Amino acid sequence: MNYKIIDSTIILSLDKNDFINESIKRVFKQEKLAFGWVSGIGAIYNIEIGYYDIERKEYVKKKIKEEHELLSIAGNITFLNSEYFVHTHVSISDKKFNAFGGHLFDAQIAAAGEFKISLFDCNIDRKLSSDIGLNLWCIKNNEDN
């Protein structure tokens with residue numbers, strides 16, 4: 001894993017076999033950062049994705065061992081119970097150019113992983129919503145406007 005912080009942006013290059021979400025979390029811990037928004041591309045394998053079933057309030061998970069193109073990753077880094085929480089979604093494609101995706105629990109880099117993380121100087125916490133069953137952002141409207 002190699003990264004550079006330029007102004008309010010992290011440029012992150014992950015090595016073969018690195019885990020995506022785990023690596024992002026490690027950078028945030030090392031640098032003691034607040035909030036970030038991630039995007040990226042690459043090639044991945046050992047992928048665990050999910051679809052959130054709102055009625056059952058649980059994820060339907062799928063594990064994919066084979067290599068896939070990482071067409072796009074989008075997500076954010078916030079706090080849950082005072083710990084960093086990486087929340088990402090992916091679009092991936094297989095050898096037959098079929099594309100699909102979902103919530104990313106994690107995946108390993110197969111060839112390359114290139115990411116940009118925009119940094120913001122604010123902490124965003126998450127709290128469990130009993131209605132939805134997920135830990136959602138806790139933000140308040142700006143009352144000065």
# chains A, B, ... in the order shown; residues from 1 in each chain; ligands from 1
$ select_by_dssp --residues "segment 53-93 of chain A" --states "strand (DSSP E or B)" --output "VMD selection string"
chain A and resid 53 58 to 64 68 to 80 83 to 93
$ residues_around --residues "Lys61 of chain A" --least-positions-apart "4" --cutoff "7 Å" --atoms "only C-alpha atoms" --output "ChimeraX atom specification"
/A:48-51
$ closest_atom_pairs --of "segment 48-106 of chain A" --to "segment 40-43 of chain A" --cutoff "10 Å" --atoms "only C-alpha atoms" --output "CSV"
residue,atom,partner,partner_atom,distance
A:Glu67,CA,A:Ala43,CA,6.9
A:His68,CA,A:Ala43,CA,5.8
A:Glu69,CA,A:Ala43,CA,4.5
A:Leu70,CA,A:Gly42,CA,4.8
A:Leu71,CA,A:Ile41,CA,5.6
A:Ser72,CA,A:Ile41,CA,5.3
A:Ile73,CA,A:Gly40,CA,5.2
A:Ala74,CA,A:Gly40,CA,7.1
A:Gly75,CA,A:Gly40,CA,9.7
A:Val90,CA,A:Gly40,CA,9.4
A:Ser91,CA,A:Ile41,CA,9.5
A:Ile92,CA,A:Ala43,CA,8.7
A:Ser93,CA,A:Ala43,CA,9.5
$ write_last_selection --atoms "N, CA, C and O atoms" --output "PDB file, in the first residue's frame"
ATOM      1  N   GLU A  67     -11.475 -13.345 -10.265  1.00  0.00           N
ATOM      2  CA  GLU A  67     -11.090 -11.959 -10.549  1.00  0.00           C
ATOM      3  C   GLU A  67     -12.175 -11.256 -11.357  1.00  0.00           C
ATOM      4  O   GLU A  67     -12.783 -11.848 -12.243  1.00  0.00           O
ATOM      5  N   HIS A  68     -12.399  -9.991 -11.020  1.00  0.00           N
ATOM      6  CA  HIS A  68     -13.352  -9.133 -11.721  1.00  0.00           C
ATOM      7  C   HIS A  68     -12.739  -7.742 -11.867  1.00  0.00           C
ATOM      8  O   HIS A  68     -11.902  -7.348 -11.057  1.00  0.00           O
ATOM      9  N   GLU A  69     -13.188  -7.028 -12.879  1.00  0.00           N
ATOM     10  CA  GLU A  69     -12.817  -5.625 -13.015  1.00  0.00           C
ATOM     11  C   GLU A  69     -13.594  -4.823 -11.987  1.00  0.00           C
ATOM     12  O   GLU A  69     -14.797  -5.037 -11.814  1.00  0.00           O
ATOM     13  N   LEU A  70     -12.910  -3.927 -11.305  1.00  0.00           N
ATOM     14  CA  LEU A  70     -13.570  -2.972 -10.419  1.00  0.00           C
ATOM     15  C   LEU A  70     -13.872  -1.753 -11.279  1.00  0.00           C
ATOM     16  O   LEU A  70     -13.001  -0.936 -11.547  1.00  0.00           O
ATOM     17  N   LEU A  71     -15.110  -1.674 -11.756  1.00  0.00           N
ATOM     18  CA  LEU A  71     -15.509  -0.579 -12.640  1.00  0.00           C
ATOM     19  C   LEU A  71     -15.599   0.732 -11.881  1.00  0.00           C
ATOM     20  O   LEU A  71     -15.262   1.783 -12.402  1.00  0.00           O
ATOM     21  N   SER A  72     -16.086   0.626 -10.638  1.00  0.00           N
ATOM     22  CA  SER A  72     -16.246   1.826  -9.830  1.00  0.00           C
ATOM     23  C   SER A  72     -16.471   1.442  -8.383  1.00  0.00           C
ATOM     24  O   SER A  72     -17.147   0.455  -8.095  1.00  0.00           O
ATOM     25  N   ILE A  73     -15.904   2.225  -7.504  1.00  0.00           N
ATOM     26  CA  ILE A  73     -16.188   2.104  -6.074  1.00  0.00           C
ATOM     27  C   ILE A  73     -16.530   3.505  -5.585  1.00  0.00           C
ATOM     28  O   ILE A  73     -15.918   4.488  -6.010  1.00  0.00           O
ATOM     29  N   ALA A  74     -17.543   3.582  -4.743  1.00  0.00           N
ATOM     30  CA  ALA A  74     -17.926   4.854  -4.134  1.00  0.00           C
ATOM     31  C   ALA A  74     -18.278   4.568  -2.689  1.00  0.00           C
ATOM     32  O   ALA A  74     -18.840   3.520  -2.365  1.00  0.00           O
ATOM     33  N   GLY A  75     -17.929   5.499  -1.813  1.00  0.00           N
ATOM     34  CA  GLY A  75     -18.256   5.289  -0.419  1.00  0.00           C
ATOM     35  C   GLY A  75     -17.722   6.386   0.460  1.00  0.00           C
ATOM     36  O   GLY A  75     -17.258   7.418  -0.018  1.00  0.00           O
ATOM     37  N   VAL A  90     -19.822  -1.086  -4.861  1.00  0.00           N
ATOM     38  CA  VAL A  90     -19.018  -1.333  -6.056  1.00  0.00           C
ATOM     39  C   VAL A  90     -19.878  -1.727  -7.242  1.00  0.00           C
ATOM     40  O   VAL A  90     -20.966  -2.290  -7.083  1.00  0.00           O
ATOM     41  N   SER A  91     -19.336  -1.434  -8.416  1.00  0.00           N
ATOM     42  CA  SER A  91     -19.808  -2.007  -9.678  1.00  0.00           C
ATOM     43  C   SER A  91     -18.634  -2.813 -10.202  1.00  0.00           C
ATOM     44  O   SER A  91     -17.501  -2.306 -10.248  1.00  0.00           O
ATOM     45  N   ILE A  92     -18.896  -4.075 -10.582  1.00  0.00           N
ATOM     46  CA  ILE A  92     -17.833  -4.950 -11.078  1.00  0.00           C
ATOM     47  C   ILE A  92     -18.313  -5.643 -12.350  1.00  0.00           C
ATOM     48  O   ILE A  92     -19.512  -5.705 -12.620  1.00  0.00           O
ATOM     49  N   SER A  93     -17.350  -6.159 -13.135  1.00  0.00           N
ATOM     50  CA  SER A  93     -17.721  -6.928 -14.328  1.00  0.00           C
ATOM     51  C   SER A  93     -16.860  -8.176 -14.419  1.00  0.00           C
ATOM     52  O   SER A  93     -15.712  -8.191 -13.982  1.00  0.00           O
TER      53      SER A  93
END
$ residues_around --residues "Asn76 of chain A" --least-positions-apart "4" --cutoff "9 Å" --atoms "only C-alpha atoms" --output "PyMOL selection string"
chain A and resi 35-39+85-88+117
$ closest_residue --among "A:Asp125, A:Asp131, A:Asp18, A:Glu58" --to "Asn81 of chain A" --atoms "only C-alpha atoms"
A:Asp125
$ closest_residue --among "A:Tyr59, A:Trp137, A:Tyr84, A:Phe120" --to "Phe105 of chain A" --atoms "only C-alpha atoms"
A:Tyr59
$ residues_around --residues "Arg56 of chain A" --least-positions-apart "6" --cutoff "12 Å" --atoms "only C-alpha atoms" --output "PyMOL selection string"
chain A and resi 131-134
$ residues_around --residues "Ile47 of chain A" --least-positions-apart "2" --cutoff "7 Å" --atoms "only C-alpha atoms" --output "PDB file with all heavy atoms, in the first residue's frame"
ATOM      1  N   TYR A  45     -10.547  -9.604  -6.493  1.00  0.00           N
ATOM      2  CA  TYR A  45     -10.987 -10.987  -6.332  1.00  0.00           C
ATOM      3  C   TYR A  45     -11.342 -11.182  -4.859  1.00  0.00           C
ATOM      4  O   TYR A  45     -11.214 -10.266  -4.048  1.00  0.00           O
ATOM      5  CB  TYR A  45      -9.903 -11.977  -6.785  1.00  0.00           C
ATOM      6  CG  TYR A  45      -8.759 -12.127  -5.816  1.00  0.00           C
ATOM      7  CD1 TYR A  45      -8.677 -13.230  -4.972  1.00  0.00           C
ATOM      8  CD2 TYR A  45      -7.763 -11.151  -5.723  1.00  0.00           C
ATOM      9  CE1 TYR A  45      -7.630 -13.356  -4.068  1.00  0.00           C
ATOM     10  CE2 TYR A  45      -6.724 -11.272  -4.839  1.00  0.00           C
ATOM     11  CZ  TYR A  45      -6.657 -12.376  -4.010  1.00  0.00           C
ATOM     12  OH  TYR A  45      -5.630 -12.497  -3.114  1.00  0.00           O
ATOM     13  N   ILE A  49     -19.958  -9.106  -1.571  1.00  0.00           N
ATOM     14  CA  ILE A  49     -20.898  -8.005  -1.777  1.00  0.00           C
ATOM     15  C   ILE A  49     -22.241  -8.372  -1.163  1.00  0.00           C
ATOM     16  O   ILE A  49     -22.475  -9.536  -0.800  1.00  0.00           O
ATOM     17  CB  ILE A  49     -21.073  -7.647  -3.265  1.00  0.00           C
ATOM     18  CG1 ILE A  49     -21.548  -8.846  -4.083  1.00  0.00           C
ATOM     19  CG2 ILE A  49     -19.796  -7.063  -3.825  1.00  0.00           C
ATOM     20  CD1 ILE A  49     -21.876  -8.522  -5.525  1.00  0.00           C
ATOM     21  N   LYS A  63     -20.426 -14.235  -2.166  1.00  0.00           N
ATOM     22  CA  LYS A  63     -18.965 -14.269  -2.224  1.00  0.00           C
ATOM     23  C   LYS A  63     -18.546 -14.695  -3.623  1.00  0.00           C
ATOM     24  O   LYS A  63     -19.106 -15.638  -4.185  1.00  0.00           O
ATOM     25  CB  LYS A  63     -18.402 -15.238  -1.187  1.00  0.00           C
ATOM     26  CG  LYS A  63     -18.571 -14.731   0.227  1.00  0.00           C
ATOM     27  CD  LYS A  63     -17.884 -15.629   1.224  1.00  0.00           C
ATOM     28  CE  LYS A  63     -18.052 -15.050   2.620  1.00  0.00           C
ATOM     29  NZ  LYS A  63     -17.367 -15.845   3.639  1.00  0.00           N
ATOM     30  N   ILE A  64     -17.574 -13.979  -4.152  1.00  0.00           N
ATOM     31  CA  ILE A  64     -17.074 -14.241  -5.499  1.00  0.00           C
ATOM     32  C   ILE A  64     -15.555 -14.384  -5.397  1.00  0.00           C
ATOM     33  O   ILE A  64     -14.869 -13.424  -5.054  1.00  0.00           O
ATOM     34  CB  ILE A  64     -17.443 -13.089  -6.459  1.00  0.00           C
ATOM     35  CG1 ILE A  64     -18.954 -12.862  -6.437  1.00  0.00           C
ATOM     36  CG2 ILE A  64     -16.930 -13.377  -7.855  1.00  0.00           C
ATOM     37  CD1 ILE A  64     -19.378 -11.530  -7.006  1.00  0.00           C
ATOM     38  N   LYS A  65     -15.048 -15.548  -5.670  1.00  0.00           N
ATOM     39  CA  LYS A  65     -13.599 -15.803  -5.552  1.00  0.00           C
ATOM     40  C   LYS A  65     -12.819 -15.323  -6.780  1.00  0.00           C
ATOM     41  O   LYS A  65     -11.679 -14.894  -6.665  1.00  0.00           O
ATOM     42  CB  LYS A  65     -13.333 -17.302  -5.338  1.00  0.00           C
ATOM     43  CG  LYS A  65     -13.928 -17.849  -4.067  1.00  0.00           C
ATOM     44  CD  LYS A  65     -13.189 -17.336  -2.871  1.00  0.00           C
ATOM     45  CE  LYS A  65     -13.738 -17.938  -1.590  1.00  0.00           C
ATOM     46  NZ  LYS A  65     -13.216 -17.274  -0.417  1.00  0.00           N
ATOM     47  N   ASP A 106     -15.850  -6.432   1.599  1.00  0.00           N
ATOM     48  CA  ASP A 106     -14.430  -6.221   1.303  1.00  0.00           C
ATOM     49  C   ASP A 106     -14.053  -7.063   0.101  1.00  0.00           C
ATOM     50  O   ASP A 106     -14.812  -7.938  -0.337  1.00  0.00           O
ATOM     51  CB  ASP A 106     -13.512  -6.526   2.488  1.00  0.00           C
ATOM     52  CG  ASP A 106     -12.331  -5.544   2.572  1.00  0.00           C
ATOM     53  OD1 ASP A 106     -12.017  -4.892   1.540  1.00  0.00           O
ATOM     54  OD2 ASP A 106     -11.735  -5.399   3.641  1.00  0.00           O
ATOM     55  N   ALA A 107     -12.886  -6.787  -0.441  1.00  0.00           N
ATOM     56  CA  ALA A 107     -12.340  -7.508  -1.591  1.00  0.00           C
ATOM     57  C   ALA A 107     -10.841  -7.293  -1.600  1.00  0.00           C
ATOM     58  O   ALA A 107     -10.341  -6.334  -1.023  1.00  0.00           O
ATOM     59  CB  ALA A 107     -12.956  -6.991  -2.890  1.00  0.00           C
ATOM     60  N   GLN A 108     -10.142  -8.194  -2.283  1.00  0.00           N
ATOM     61  CA  GLN A 108      -8.687  -8.078  -2.407  1.00  0.00           C
ATOM     62  C   GLN A 108      -8.314  -7.620  -3.804  1.00  0.00           C
ATOM     63  O   GLN A 108      -9.002  -7.917  -4.788  1.00  0.00           O
ATOM     64  CB  GLN A 108      -8.021  -9.416  -2.112  1.00  0.00           C
ATOM     65  CG  GLN A 108      -8.066  -9.775  -0.642  1.00  0.00           C
ATOM     66  CD  GLN A 108      -7.403 -11.102  -0.375  1.00  0.00           C
ATOM     67  OE1 GLN A 108      -8.052 -12.133  -0.448  1.00  0.00           O
ATOM     68  NE2 GLN A 108      -6.111 -11.060  -0.063  1.00  0.00           N
TER      69      GLN A 108
END
